[in-house]
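As stored in run.txt (compact mmCIF, C-alpha atoms):
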```
# COMPACT_ATOMS: atom_id res chain seq x y z
CA MET H 1 0.00 0.00 0.00
CA ARG H 2 2.90 2.35 0.81
CA GLU H 3 4.39 1.77 -2.65
CA LEU H 4 1.03 2.55 -4.25
CA ALA H 5 0.77 5.78 -2.22
CA ARG H 6 4.25 6.84 -3.40
CA THR H 7 3.34 6.06 -7.01
CA VAL H 8 0.11 8.07 -6.67
CA GLU H 9 2.05 11.04 -5.28
CA LYS H 10 4.50 11.03 -8.21
CA LEU H 11 1.78 10.57 -10.82
CA CYS H 12 -0.30 13.44 -9.42
CA GLU H 13 2.71 15.76 -9.73
CA ALA H 14 3.35 14.59 -13.32
CA SER H 15 -0.32 15.10 -14.27
CA LYS H 16 -0.26 18.66 -12.89
CA ARG H 17 2.97 19.38 -14.79
CA ASP H 18 1.60 17.98 -18.10
CA TYR H 19 -1.88 19.51 -17.75
CA LEU H 20 -3.17 20.50 -21.19
CA ASN H 21 -6.11 22.05 -22.96
CA PRO H 22 -7.34 19.67 -25.70
CA TYR H 23 -9.18 22.49 -27.48
CA VAL H 24 -6.01 24.42 -28.31
CA GLN H 25 -3.42 21.67 -28.48
CA LEU H 26 -4.27 20.34 -31.92
CA GLU H 27 -4.54 22.03 -35.31
CA TRP H 28 -7.35 20.47 -37.29
CA PRO H 29 -6.97 20.61 -41.09
CA GLU H 30 -10.13 21.55 -42.99
CA VAL H 31 -9.83 18.42 -45.11
CA LEU H 32 -7.58 15.40 -44.85
CA ASP H 33 -5.06 14.56 -47.53
CA ALA H 34 -6.12 11.21 -49.00
CA GLU H 35 -2.51 10.66 -50.09
CA GLN H 36 -1.45 10.17 -46.49
CA TRP H 37 -1.63 7.30 -44.03
CA PHE H 38 -3.73 7.54 -40.86
CA THR H 39 -2.76 4.17 -39.39
CA SER H 40 0.69 2.66 -39.85
CA PRO H 41 0.27 0.08 -42.64
CA GLU H 42 1.88 -2.67 -40.52
CA LEU H 43 -0.81 -2.12 -37.86
CA LEU H 44 -3.74 -2.47 -40.25
CA SER H 45 -5.89 -5.44 -39.27
CA ILE H 46 -5.51 -7.17 -42.63
CA TYR H 47 -1.85 -6.25 -43.23
CA GLY H 48 0.12 -9.16 -44.66
CA THR H 49 -2.95 -11.01 -45.92
CA GLU H 50 -3.57 -11.90 -49.52
CA ARG H 51 -6.54 -9.50 -49.55
CA TYR H 52 -4.30 -6.64 -48.41
CA GLU H 53 -1.69 -7.34 -51.06
CA ARG H 54 -4.34 -7.07 -53.77
CA LEU H 55 -5.30 -3.52 -52.72
CA SER H 56 -3.94 -0.50 -54.57
CA GLU H 57 -1.93 2.10 -52.64
CA ALA H 58 -4.96 4.42 -52.61
CA GLU H 59 -7.21 1.65 -51.25
CA LYS H 60 -4.71 0.84 -48.52
CA LYS H 61 -4.61 4.49 -47.48
CA ARG H 62 -8.41 4.69 -47.49
CA LEU H 63 -8.51 1.62 -45.26
CA SER H 64 -5.91 3.22 -42.97
CA PHE H 65 -8.28 6.19 -42.49
CA TYR H 66 -11.24 4.01 -41.46
CA GLU H 67 -9.05 1.87 -39.22
CA ALA H 68 -7.94 5.09 -37.48
CA VAL H 69 -11.60 6.02 -36.99
CA ASN H 70 -12.21 2.54 -35.56
CA PHE H 71 -9.17 2.77 -33.26
CA PHE H 72 -10.29 6.16 -31.96
CA SER H 73 -13.89 4.86 -31.60
CA LEU H 74 -12.67 1.91 -29.52
CA ASN H 75 -10.84 4.36 -27.30
CA ILE H 76 -13.96 6.48 -26.88
CA HIS H 77 -16.01 3.47 -25.78
CA GLY H 78 -13.27 2.21 -23.49
CA GLU H 79 -12.94 5.64 -21.92
CA LYS H 80 -16.69 6.10 -21.51
CA SER H 81 -16.98 3.02 -19.33
CA LEU H 82 -13.69 3.87 -17.64
CA ILE H 83 -15.02 7.30 -16.63
CA GLU H 84 -18.21 5.74 -15.27
CA GLY H 85 -16.23 3.25 -13.22
CA LEU H 86 -13.67 5.77 -11.98
CA ALA H 87 -16.40 8.19 -10.90
CA ARG H 88 -18.12 5.42 -8.91
CA ARG H 89 -14.85 4.68 -7.08
CA LEU H 90 -13.95 8.27 -6.15
CA TYR H 91 -13.63 8.56 -2.35
CA LYS H 92 -14.70 4.97 -1.85
CA ARG H 93 -13.49 3.50 1.43
CA ASN H 94 -10.15 1.62 1.11
CA TYR H 95 -9.10 3.86 -1.79
CA GLY H 96 -7.44 6.50 0.46
CA GLN H 97 -4.85 8.48 -1.47
CA VAL H 98 -5.81 6.82 -4.75
CA SER H 99 -8.81 9.16 -5.09
CA ARG H 100 -6.43 12.08 -5.59
CA TYR H 101 -5.11 10.44 -8.73
CA LEU H 102 -8.57 9.36 -9.90
CA HIS H 103 -9.36 13.07 -10.38
CA HIS H 104 -6.47 13.34 -12.86
CA PHE H 105 -7.37 10.03 -14.48
CA LEU H 106 -10.97 11.21 -15.03
CA ASP H 107 -9.84 14.60 -16.33
CA GLU H 108 -7.36 13.09 -18.77
CA GLU H 109 -9.72 10.42 -20.07
CA ASN H 110 -12.36 13.06 -20.78
CA LYS H 111 -9.82 15.12 -22.71
CA HIS H 112 -8.82 12.11 -24.79
CA MET H 113 -12.43 11.64 -25.84
CA VAL H 114 -12.53 15.30 -26.93
CA TYR H 115 -9.87 14.78 -29.60
CA PHE H 116 -10.82 11.21 -30.53
CA GLY H 117 -14.44 12.31 -30.95
CA GLU H 118 -13.44 15.40 -32.92
CA PHE H 119 -11.43 13.34 -35.41
CA CYS H 120 -14.19 10.75 -35.90
CA THR H 121 -17.09 13.18 -36.27
CA ARG H 122 -15.23 15.87 -38.23
CA TYR H 123 -13.72 13.56 -40.85
CA ALA H 124 -15.87 10.40 -40.86
CA GLY H 125 -19.14 11.88 -39.61
CA LYS H 126 -19.50 9.10 -37.06
CA VAL H 127 -18.11 7.05 -34.21
CA TYR H 128 -18.30 3.29 -34.77
CA PRO H 129 -20.67 1.72 -32.21
CA GLU H 130 -19.21 -0.71 -29.72
CA LYS H 131 -20.13 -4.38 -29.69
CA LYS H 132 -19.27 -5.25 -26.10
CA VAL H 133 -22.24 -5.74 -23.79
CA VAL H 134 -22.19 -6.19 -20.03
CA PHE H 135 -24.82 -7.98 -17.96
CA PRO H 136 -25.08 -7.33 -14.22
CA ARG H 137 -24.03 -10.18 -11.92
CA ASP H 138 -22.92 -10.81 -8.34
CA TYR H 139 -19.26 -10.58 -7.28
CA GLU H 140 -17.16 -11.78 -4.37
CA PRO H 141 -15.51 -9.02 -2.25
CA GLY H 142 -12.94 -7.10 -4.30
CA GLU H 143 -13.68 -9.05 -7.48
CA GLU H 144 -15.56 -6.28 -9.28
CA ASP H 145 -12.93 -3.62 -8.50
CA PHE H 146 -10.13 -5.95 -9.52
CA LEU H 147 -11.81 -6.87 -12.81
CA PHE H 148 -12.60 -3.24 -13.56
CA PHE H 149 -8.98 -2.08 -13.25
CA ALA H 150 -7.56 -5.24 -14.85
CA LYS H 151 -9.78 -4.74 -17.92
CA VAL H 152 -8.70 -1.09 -18.15
CA LEU H 153 -5.08 -2.21 -18.01
CA ILE H 154 -5.47 -4.91 -20.68
CA PHE H 155 -7.21 -2.45 -22.99
CA GLU H 156 -4.65 0.33 -22.43
CA GLU H 157 -1.62 -1.93 -22.81
CA ILE H 158 -2.65 -2.74 -26.39
CA VAL H 159 -3.62 0.83 -27.22
CA ASP H 160 -0.33 2.18 -25.95
CA VAL H 161 1.75 -0.06 -28.22
CA TYR H 162 -0.22 1.32 -31.17
CA ASN H 163 0.13 4.89 -29.88
CA VAL H 164 3.89 4.64 -29.45
CA LYS H 165 4.44 3.18 -32.91
CA MET H 166 2.17 5.68 -34.65
CA ALA H 167 3.39 8.73 -32.75
CA LYS H 168 6.81 8.05 -34.31
CA ASP H 169 5.62 7.13 -37.80
CA ALA H 170 6.55 9.97 -40.18
CA ARG H 171 4.32 8.47 -42.91
CA LEU H 172 1.19 9.39 -40.95
CA ALA H 173 -0.82 12.60 -41.41
CA PRO H 174 0.33 15.06 -38.71
CA ILE H 175 -3.07 15.14 -36.98
CA ALA H 176 -3.06 11.32 -36.61
CA ARG H 177 0.49 11.35 -35.26
CA GLN H 178 -0.27 14.14 -32.80
CA ILE H 179 -3.35 12.39 -31.41
CA ASN H 180 -1.34 9.21 -30.88
CA PHE H 181 1.45 11.18 -29.24
CA LEU H 182 -0.83 13.10 -26.85
CA HIS H 183 -2.66 9.95 -25.87
CA HIS H 184 0.54 8.06 -25.15
CA ARG H 185 1.82 10.92 -22.98
CA ASP H 186 -1.06 10.44 -20.52
CA GLU H 187 -1.42 6.69 -20.95
CA ALA H 188 2.17 6.09 -19.88
CA ARG H 189 1.13 7.38 -16.43
CA HIS H 190 -2.15 5.49 -16.42
CA LEU H 191 -0.28 2.25 -17.15
CA VAL H 192 2.11 2.79 -14.23
CA PHE H 193 -0.89 3.42 -11.97
CA GLY H 194 -2.86 0.48 -13.39
CA ARG H 195 -0.02 -2.00 -13.05
CA ARG H 196 0.55 -0.99 -9.42
CA LEU H 197 -3.14 -0.94 -8.45
CA VAL H 198 -4.12 -4.18 -10.22
CA LYS H 199 -1.34 -6.09 -8.45
CA GLU H 200 -2.29 -4.51 -5.13
CA LEU H 201 -5.97 -5.49 -5.56
CA PHE H 202 -5.11 -9.01 -6.70
CA ASP H 203 -2.70 -9.62 -3.79
CA ARG H 204 -5.26 -8.26 -1.34
CA TYR H 205 -8.40 -10.06 -2.55
CA ALA H 206 -7.42 -13.17 -4.53
CA PRO H 207 -6.44 -15.14 -1.37
CA THR H 208 -10.00 -14.60 -0.07
CA TRP H 209 -11.70 -15.93 -3.23
CA SER H 210 -12.84 -19.50 -3.75
CA GLU H 211 -10.95 -21.62 -6.28
CA GLU H 212 -13.96 -21.38 -8.58
CA THR H 213 -14.01 -17.55 -8.43
CA LEU H 214 -10.27 -17.33 -9.05
CA GLN H 215 -10.59 -19.61 -12.08
CA GLY H 216 -13.59 -17.57 -13.27
CA VAL H 217 -11.58 -14.35 -12.96
CA ARG H 218 -8.69 -15.81 -14.96
CA ASP H 219 -11.02 -17.15 -17.65
CA TYR H 220 -12.74 -13.78 -17.84
CA LEU H 221 -9.44 -11.91 -18.32
CA LYS H 222 -8.46 -14.25 -21.14
CA GLY H 223 -11.87 -13.82 -22.76
CA TYR H 224 -11.68 -10.07 -22.36
CA LEU H 225 -8.30 -9.93 -24.06
CA THR H 226 -9.64 -11.88 -27.05
CA ALA H 227 -12.82 -9.79 -27.20
CA THR H 228 -10.75 -6.59 -27.12
CA TRP H 229 -8.68 -7.79 -30.04
CA LYS H 230 -11.75 -8.79 -32.05
CA GLU H 231 -12.90 -5.18 -32.08
CA TYR H 232 -9.80 -4.25 -34.08
CA TYR H 233 -11.21 -6.37 -36.92
CA ASN H 234 -14.36 -4.43 -37.69
CA PRO H 235 -16.41 -5.46 -40.77
CA GLU H 236 -17.98 -1.98 -40.91
CA VAL H 237 -14.51 -0.56 -41.46
CA TYR H 238 -13.94 -2.87 -44.43
CA GLN H 239 -17.31 -1.92 -45.89
CA ASP H 240 -16.64 1.82 -45.45
CA ALA H 241 -13.24 1.37 -47.09
CA GLY H 242 -15.04 -0.08 -50.11
CA LEU H 243 -14.01 -3.72 -49.64
CA ALA H 244 -16.49 -6.42 -50.66
CA ALA H 245 -17.46 -9.34 -48.39
CA PRO H 246 -16.53 -7.55 -45.12
CA PHE H 247 -17.53 -10.46 -42.84
CA ASP H 248 -15.31 -12.88 -44.74
CA ILE H 249 -12.40 -10.44 -44.51
CA GLN H 250 -12.95 -10.13 -40.76
CA GLU H 251 -13.00 -13.87 -40.25
CA SER H 252 -9.97 -14.70 -42.33
CA ALA H 253 -7.88 -11.80 -40.98
CA PHE H 254 -8.69 -12.62 -37.36
CA HIS H 255 -8.14 -16.37 -37.68
CA GLY H 256 -5.14 -16.23 -40.02
CA GLU H 257 -1.63 -16.97 -38.74
CA ARG H 258 -0.42 -13.43 -39.47
CA GLY H 259 -3.22 -12.03 -37.30
CA ARG H 260 -2.32 -14.32 -34.39
CA GLU H 261 1.35 -13.48 -34.67
CA HIS H 262 0.56 -9.74 -34.74
CA ARG H 263 -1.65 -9.98 -31.64
CA ARG H 264 0.97 -12.02 -29.77
CA ARG H 265 3.64 -9.45 -30.60
CA ILE H 266 1.57 -6.43 -29.58
CA SER H 267 0.25 -8.13 -26.41
CA LYS H 268 3.69 -9.34 -25.30
CA GLY H 269 4.36 -6.68 -22.64
CA GLY H 270 0.88 -6.82 -21.15
CA LEU H 271 0.88 -10.62 -21.09
CA ARG H 272 4.26 -10.70 -19.38
CA TYR H 273 2.85 -8.53 -16.61
CA LEU H 274 -0.26 -10.74 -16.21
CA LEU H 275 1.81 -13.93 -16.08
CA GLU H 276 4.61 -12.64 -13.84
CA ASN H 277 2.09 -11.43 -11.27
CA ASN H 278 0.14 -14.70 -11.38
CA LEU H 279 -3.00 -13.00 -12.67
CA LEU H 280 -2.89 -15.55 -15.44
CA GLU H 281 -1.32 -18.98 -15.14
CA GLU H 282 -0.88 -19.63 -18.84
CA GLU H 283 -0.68 -17.61 -22.02
CA PRO H 284 -4.09 -17.38 -23.70
CA SER H 285 -4.38 -18.43 -27.33
CA LEU H 286 -4.81 -15.20 -29.18
CA MET J 1 -30.50 -16.82 -48.41
CA LYS J 2 -30.89 -19.33 -45.59
CA THR J 3 -34.23 -20.76 -44.48
CA GLU J 4 -35.59 -20.27 -40.97
CA ALA J 5 -34.73 -23.89 -40.07
CA GLU J 6 -31.15 -23.46 -41.31
CA ILE J 7 -30.70 -20.25 -39.32
CA ARG J 8 -32.06 -21.78 -36.13
CA ARG J 9 -29.82 -24.83 -36.60
CA ALA J 10 -26.76 -22.61 -37.22
CA LEU J 11 -27.51 -20.66 -34.02
CA ARG J 12 -27.90 -23.87 -31.99
CA GLU J 13 -24.64 -25.28 -33.32
CA TRP J 14 -22.78 -22.03 -32.62
CA ILE J 15 -24.07 -21.88 -29.05
CA VAL J 16 -23.18 -25.52 -28.32
CA GLN J 17 -19.70 -25.01 -29.74
CA THR J 18 -19.13 -21.70 -27.93
CA ASN J 19 -20.35 -22.98 -24.56
CA GLY J 20 -18.29 -26.13 -24.87
CA LYS J 21 -20.15 -27.96 -22.07
CA ILE J 22 -23.82 -28.10 -23.02
CA ARG J 23 -24.90 -31.11 -25.12
CA PRO J 24 -26.97 -30.46 -28.30
CA GLU J 25 -29.97 -32.35 -26.86
CA GLU J 26 -29.98 -30.03 -23.79
CA LEU J 27 -30.56 -26.94 -25.94
CA ASN J 28 -33.86 -26.05 -27.59
CA ASP J 29 -35.16 -22.76 -29.00
CA GLU J 30 -36.69 -21.76 -25.64
CA THR J 31 -33.67 -22.55 -23.44
CA PRO J 32 -32.78 -19.33 -21.53
CA LEU J 33 -29.24 -18.51 -22.70
CA LEU J 34 -28.24 -15.77 -20.28
CA GLU J 35 -30.31 -16.74 -17.27
CA ARG J 36 -28.77 -20.23 -17.33
CA ARG J 37 -25.34 -18.73 -18.07
CA ILE J 38 -25.00 -20.73 -21.26
CA LEU J 39 -23.49 -17.56 -22.76
CA SER J 40 -21.42 -14.93 -20.92
CA SER J 41 -21.49 -11.22 -21.74
CA LEU J 42 -18.18 -11.57 -23.61
CA GLN J 43 -19.59 -14.42 -25.69
CA VAL J 44 -22.60 -12.26 -26.57
CA MET J 45 -20.19 -9.96 -28.38
CA ASP J 46 -19.13 -12.96 -30.49
CA LEU J 47 -22.78 -13.87 -30.95
CA ILE J 48 -23.47 -10.39 -32.32
CA LEU J 49 -20.69 -10.85 -34.88
CA PHE J 50 -22.06 -14.29 -35.76
CA ILE J 51 -25.60 -12.93 -36.21
CA GLU J 52 -24.25 -10.09 -38.38
CA LYS J 53 -22.52 -12.57 -40.64
CA LEU J 54 -25.52 -14.90 -40.78
CA SER J 55 -28.01 -12.08 -41.50
CA ASN J 56 -25.58 -10.03 -43.62
CA LYS J 57 -26.62 -6.92 -41.66
CA PHE J 58 -24.81 -4.80 -39.11
CA ILE J 59 -26.35 -4.64 -35.63
CA ASP J 60 -26.59 -1.34 -33.81
CA VAL J 61 -25.95 -2.43 -30.24
CA GLU J 62 -27.22 0.90 -28.87
CA GLN J 63 -30.68 0.11 -30.27
CA LEU J 64 -30.97 -3.35 -28.72
CA LYS J 65 -33.82 -3.91 -26.30
CA ALA J 66 -33.77 -6.11 -23.22
CA GLY J 67 -34.49 -9.76 -23.94
CA VAL J 68 -33.24 -9.92 -27.54
CA PHE J 69 -30.72 -12.64 -26.61
CA ARG J 70 -33.03 -14.46 -24.17
CA ASP J 71 -33.23 -17.63 -26.28
CA ILE J 72 -32.87 -18.78 -29.87
CA HIS J 73 -36.49 -17.95 -30.57
CA ALA J 74 -35.97 -14.33 -29.45
CA ILE J 75 -32.76 -14.06 -31.48
CA TYR J 76 -34.52 -15.30 -34.61
CA ARG J 77 -37.51 -12.99 -34.11
CA ASN J 78 -35.37 -9.89 -33.47
CA PHE J 79 -32.62 -10.30 -36.02
CA PHE J 80 -33.88 -12.47 -38.85
CA GLU J 81 -37.56 -11.78 -39.38
CA SER J 82 -37.68 -9.12 -42.10
CA SER J 83 -36.75 -5.74 -40.65
CA GLY J 84 -36.17 -3.71 -43.78
CA ASP J 85 -32.61 -2.87 -42.64
CA PRO J 86 -30.15 -2.56 -45.53
CA GLU J 87 -28.00 -5.57 -46.30
CA VAL J 88 -24.23 -5.38 -46.35
CA ARG J 89 -22.63 -5.12 -49.77
CA GLY J 90 -20.64 -7.95 -51.21
```

Serialized structure, structure tokens:
Amino acid sequence: MRELARTVEKLCEASKRDYLNPYVQLEWPEVLDAEQWFTSPELLSIYGTERYERLSEAEKKRLSFYEAVNFFSLNIHGEKSLIEGLARRLYKRNYGQVSRYLHHFLDEENKHMVYFGEFCTRYAGKVYPEKKVVFPRDYEPGEEDFLFFAKVLIFEEIVDVYNVKMAKDARLAPIARQINFLHHRDEARHLVFGRRLVKELFDRYAPTWSEETLQGVRDYLKGYLTATWKEYYNPEVYQDAGLAAPFDIQESAFHGERGREHRRRISKGGLRYLLENNLLEEEPSL
Amino acid sequence: MKTEAEIRRALREWIVQTNGKIRPEELNDETPLLERRILSSLQVMDLILFIEKLSNKFIDVEQLKAGVFRDIHAIYRNFFESSGDPEVRG
């Protein structure tokens, strides 16, 4: 708990130092240059597939725009439920000093949605709807809080790898690079916080859970990781990019060997954390 | 275009395969899928993708009403009986 308190203290100071106004930080071009990339080609969901190789350069770039809209949409949905959950936990008993950082977390997540939402609505005229649904159920003590922060961490670990790669990619349109850069700047702190808190919650509550609950939690985390990845393969994106048979593309890209290898590579850091801290006992098949 | 019987059979097979524990003879079109925890919330996301592919239509999750995944009968009624929604190209 003392280590967590020290981490919270440092992160609060960093958040105050990096405080920014999302309304003035970015320069939004009137129109986007269709000659540019908006997602790094190697990160496109169908990159390396036969279908991808058959696309012209212009078609690949068009797909990279809609995949960027999907990536930003996924972030909006992730952040919406994150904000709900964070707000519910503000000043909850047992959270002590953590609430101080939750204020920054909430503030920063809201700002991210401002620029993600602006990009999607300004240039695509929409945000892709999310497919995840949640049904209410009963939890053992600490299980709901643990799962909430563990899911946030799994989601953000993947997003951050994309952000880091695209923030550095000179092929991308400046607005796409800037959004990825700004997001990574805050997410780096959120990941430090998440890794510390998730371990703390697991060490505190897992010993009190039944074997069945513990197994259920581990199965859920594996399922959540797979479900998160599935959303990167969105048939609506393929349709908007002008590709025929979008459901077939989704299925073959997700189940193909290249897709698995890509997901394993991107998930490597997050999986290492989950395995080293005993949150998972074995690597899930991605 | 699949017939009603083919769609219902495809849904039953998908659910049995996804659940991994339930036997085909234990599942009929009125078996409560969520209440009996035959499908979890994460598996419903997969089910949505499966229904989209089977119906060749995108589903707007925000518009879904309570009970649409209650059982196979409800799924068929809500997603496959003619709705007038546009079909996906290709």

Expressed in Å to a single decimal, how great is the separation between atom CA of H:Leu280 and atom CA of H:Lys131?
25.0 Å

Pairwise distance, atom CA of H:Trp37 with atom CA of H:Phe65, equals 6.9 Å

Go through H:Glu236, H:Asp138, H:Glu109, H:Glu59 and flag the residue nearest chain J, using only C-alpha atoms for the distances.
H:Glu236

Find the residue from J:Glu25, J:Glu35, J:Glu81, J:Glu30 that sits nearest to J:Ile7; use only C-alpha atoms when measuring.
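When distances to J:Ile7 are compared using only C-alpha atoms, the smallest one comes from J:Glu81.
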
Taking only C-alpha atoms into account and nothing else, which residues of chain H lie no more than 10 Å away from chain J? Please answer as a PyMOL selection string.
chain H and resi 128-136+220+223-224+226-228+230-231+234-236+239+242-248+250-251

Name all residues at most 10 Å from stretch 140-147 of chain H (count only C-alpha atoms; drop same-chain ones fewer than 2 positions away) and give them as a ChimeraX atom specification.
/H:85,89,137-138,149-153,197-202,204-206,208-210,213-214,217-218,220-221

Using all atoms listed in the file, which protein or nucleic acid residues come within 12 Å of H:Glu30? Drop anything in the same chain fewer than 5 positions from it, and give the result as a ChimeraX atom specification.
/H:119,122-123,175

Exercise: stretch 187-195 of chain H partners within 10 Å, only C-alpha atoms, chain neighbours under 6 positions left out, as a PyMOL selection string:
chain H and resi 4+7-8+10-12+14-15+98+101-102+104-105+108-109+112+149-154+156-157+159-160+163-164+181+270+273-274+277

Generate the output file for the selected residues, C-alpha atoms, as a CSV table (one decimal), in the coordinates of the input.
```csv
chain,number,residue,atom,x,y,z
H,4,LEU,CA,1.0,2.6,-4.2
H,7,THR,CA,3.3,6.1,-7.0
H,8,VAL,CA,0.1,8.1,-6.7
H,10,LYS,CA,4.5,11.0,-8.2
H,11,LEU,CA,1.8,10.6,-10.8
H,12,CYS,CA,-0.3,13.4,-9.4
H,14,ALA,CA,3.4,14.6,-13.3
H,15,SER,CA,-0.3,15.1,-14.3
H,98,VAL,CA,-5.8,6.8,-4.8
H,101,TYR,CA,-5.1,10.4,-8.7
H,102,LEU,CA,-8.6,9.4,-9.9
H,104,HIS,CA,-6.5,13.3,-12.9
H,105,PHE,CA,-7.4,10.0,-14.5
H,108,GLU,CA,-7.4,13.1,-18.8
H,109,GLU,CA,-9.7,10.4,-20.1
H,112,HIS,CA,-8.8,12.1,-24.8
H,149,PHE,CA,-9.0,-2.1,-13.2
H,150,ALA,CA,-7.6,-5.2,-14.8
H,151,LYS,CA,-9.8,-4.7,-17.9
H,152,VAL,CA,-8.7,-1.1,-18.2
H,153,LEU,CA,-5.1,-2.2,-18.0
H,154,ILE,CA,-5.5,-4.9,-20.7
H,156,GLU,CA,-4.6,0.3,-22.4
H,157,GLU,CA,-1.6,-1.9,-22.8
H,159,VAL,CA,-3.6,0.8,-27.2
H,160,ASP,CA,-0.3,2.2,-26.0
H,163,ASN,CA,0.1,4.9,-29.9
H,164,VAL,CA,3.9,4.6,-29.4
H,181,PHE,CA,1.4,11.2,-29.2
H,270,GLY,CA,0.9,-6.8,-21.2
H,273,TYR,CA,2.8,-8.5,-16.6
H,274,LEU,CA,-0.3,-10.7,-16.2
H,277,ASN,CA,2.1,-11.4,-11.3
```

Excluding stretch 70-76 of chain J and any residue of its chain fewer than 4 positions from it, enumerate the residues within 12 Å of it, using all atoms listed in the file, and give them as a ChimeraX atom specification.
/J:3-16,27-39,44,47-48,50-52,54-55,64-66,80-83

Figure out the distance between atom CA of H:Met166 and atom CA of H:Asn180, please, to one decimal in Å.
6.2 Å

Which of these, H:Lys60, H:Arg177, H:His183, H:Lys126, has the shortest distance to H:Tyr47 once you count all atoms listed in the file?
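For H:Tyr47, the nearest of the given residues is H:Lys60.
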
Reconstructed stretch 67-83 of chain J, atom set N, CA and C atoms, as a compact mmCIF listing (two decimals), keeping the file's coordinate frame:
```txt
# COMPACT_ATOMS: atom_id res chain seq x y z
N GLY J 67 -33.84 -8.49 -23.58
CA GLY J 67 -34.49 -9.76 -23.94
C GLY J 67 -34.19 -10.25 -25.35
N VAL J 68 -33.46 -9.48 -26.15
CA VAL J 68 -33.24 -9.92 -27.54
C VAL J 68 -32.36 -11.17 -27.64
N PHE J 69 -31.57 -11.43 -26.59
CA PHE J 69 -30.72 -12.64 -26.61
C PHE J 69 -31.25 -13.69 -25.63
N ARG J 70 -32.50 -13.56 -25.22
CA ARG J 70 -33.03 -14.46 -24.17
C ARG J 70 -32.90 -15.93 -24.57
N ASP J 71 -33.32 -16.24 -25.78
CA ASP J 71 -33.23 -17.63 -26.28
C ASP J 71 -33.15 -17.58 -27.81
N ILE J 72 -33.02 -18.73 -28.42
CA ILE J 72 -32.87 -18.78 -29.87
C ILE J 72 -34.11 -18.20 -30.57
N HIS J 73 -35.25 -18.48 -30.00
CA HIS J 73 -36.49 -17.95 -30.57
C HIS J 73 -36.45 -16.41 -30.62
N ALA J 74 -36.05 -15.79 -29.51
CA ALA J 74 -35.97 -14.33 -29.45
C ALA J 74 -34.93 -13.79 -30.44
N ILE J 75 -33.82 -14.50 -30.54
CA ILE J 75 -32.76 -14.06 -31.48
C ILE J 75 -33.32 -14.09 -32.91
N TYR J 76 -33.99 -15.20 -33.25
CA TYR J 76 -34.52 -15.30 -34.61
C TYR J 76 -35.53 -14.17 -34.88
N ARG J 77 -36.44 -13.99 -33.92
CA ARG J 77 -37.51 -12.99 -34.11
C ARG J 77 -36.93 -11.58 -34.28
N ASN J 78 -35.90 -11.25 -33.47
CA ASN J 78 -35.37 -9.89 -33.47
C ASN J 78 -34.38 -9.58 -34.59
N PHE J 79 -33.67 -10.60 -35.06
CA PHE J 79 -32.62 -10.30 -36.02
C PHE J 79 -32.83 -10.88 -37.42
N PHE J 80 -33.77 -11.82 -37.55
CA PHE J 80 -33.88 -12.47 -38.85
C PHE J 80 -35.24 -12.30 -39.53
N GLU J 81 -36.28 -12.03 -38.74
CA GLU J 81 -37.56 -11.78 -39.38
C GLU J 81 -37.43 -10.43 -40.07
N SER J 82 -38.02 -10.26 -41.25
CA SER J 82 -37.68 -9.12 -42.10
C SER J 82 -37.85 -7.79 -41.38
N SER J 83 -36.75 -7.00 -41.37
CA SER J 83 -36.75 -5.74 -40.65
C SER J 83 -36.67 -4.55 -41.59
```
